[in-house]
Amino acid sequence: RKPFILLGALLSGLFFASIWWFPRGLTDVQYLIYYIVTSMLFYFALTVFSVPWYALGYELAEDYDERTRLMGFASFIGPAGQILAAWLYPLTQQRALFADTIEGVRWIGLASGAVLALF
């Protein structure tokens, strides 16, 4: 399971960053195709990570109560990260750091992908 977890984590971070590192000057249809392709790659990589990750979590404890506490803790951390992710968009509009919102989205997406791959 560990090689899949490692590969999935690295690819998830890479593809998450690539969702937001889109080229400028495309048509609306090209932007849609780019988003669909990169999103599908991200969710595929996330599946490669999450299936063995959760399976490993259930195998860590033999006792039912201990396993329930372990997975309950993991279920608490996920929504906390989702709440924190809502604060990423205001960071993209910091004019002192970035030239425009598009550049902010690119760099915040890249940083988020790096954090995703690291953790």
# chains A, B, ... in the order shown; residues from 1 in each chain; ligands from 1

$ select_by_dssp --residues "chain A" --states "alpha helix (DSSP H)" --output "PyMOL selection string"
chain A and resi 2-20+28-59+64-85+88-92+101-118

$ closest_residue --among "A:Phe73, A:Phe16, A:Trp21, A:Phe4" --to "Val105 (chain A)" --atoms "only C-alpha atoms"
A:Trp21

$ closest_residue --among "A:Ala74, A:Ile19, A:Ala80, A:Ile108" --to "Gln93 (chain A)" --atoms "only C-alpha atoms"
A:Ile108

$ residues_around --residues "region 28-41 of chain A" --least-positions-apart "4" --cutoff "7 Å" --atoms "only C-alpha atoms" --output "compact mmCIF listing (two decimals) with all heavy atoms, in the first residue's frame"
# COMPACT_ATOMS: atom_id res chain seq x y z
N PHE A 15 -0.94 17.34 -9.99
CA PHE A 15 -2.12 17.61 -10.81
C PHE A 15 -3.01 18.69 -10.21
O PHE A 15 -3.67 19.42 -10.94
CB PHE A 15 -2.91 16.33 -11.06
CG PHE A 15 -2.20 15.36 -11.97
CD1 PHE A 15 -2.17 14.01 -11.66
CD2 PHE A 15 -1.55 15.79 -13.10
CE1 PHE A 15 -1.51 13.12 -12.48
CE2 PHE A 15 -0.89 14.91 -13.93
CZ PHE A 15 -0.87 13.57 -13.62
N SER A 18 -1.48 21.79 -11.36
CA SER A 18 -1.66 21.97 -12.81
C SER A 18 -3.07 22.44 -13.15
O SER A 18 -3.27 23.08 -14.19
CB SER A 18 -1.34 20.68 -13.57
OG SER A 18 -2.31 19.70 -13.33
N ILE A 19 -4.06 22.15 -12.30
CA ILE A 19 -5.41 22.67 -12.54
C ILE A 19 -5.38 24.19 -12.59
O ILE A 19 -6.00 24.82 -13.45
CB ILE A 19 -6.38 22.21 -11.44
CG1 ILE A 19 -6.65 20.71 -11.55
CG2 ILE A 19 -7.70 22.97 -11.52
CD1 ILE A 19 -7.46 20.15 -10.39
N ALA A 45 -5.45 10.54 -9.49
CA ALA A 45 -4.32 10.47 -8.57
C ALA A 45 -4.80 10.45 -7.12
O ALA A 45 -4.24 9.74 -6.28
CB ALA A 45 -3.37 11.64 -8.80

$ closest_residue --among "A:Leu7, A:Leu84, A:Leu91, A:Ala17" --to "Trp53 (chain A)" --atoms "only C-alpha atoms"
A:Leu7

$ atom_distance --atom1 "CA of Tyr54 (chain A)" --atom2 "CA of Gln82 (chain A)"
17.9 Å

$ atom_distance --atom1 "CA of Phe42 (chain A)" --atom2 "CA of Ser12 (chain A)"
5.5 Å

$ residues_around --residues "Arg1 (chain A)" --least-positions-apart "4" --cutoff "9 Å" --atoms "only C-alpha atoms" --output "list in words"
Ile5, Leu6, Pro52, Trp53, Ala55 and Leu56 of chain A

$ closest_residue --among "A:Ala9, A:Ile77, A:Ala96, A:Leu88" --to "Ala111 (chain A)" --atoms "only C-alpha atoms"
A:Leu88

$ closest_residue --among "A:Asp100, A:Met71, A:Pro3, A:Gly8" --to "Ser50 (chain A)" --atoms "only C-alpha atoms"
A:Gly8

$ closest_residue --among "A:Phe44, A:Tyr58, A:Phe76, A:Tyr89" --to "Trp107 (chain A)" --atoms "only C-alpha atoms"
A:Tyr89

$ atom_distance --atom1 "CA of Arg106 (chain A)" --atom2 "CA of Ser75 (chain A)"
29.1 Å

$ residues_around --residues "Leu14 (chain A)" --least-positions-apart "6" --cutoff "9 Å" --atoms "only C-alpha atoms" --output "PyMOL selection string"
chain A and resi 42+110+113-114+116-117
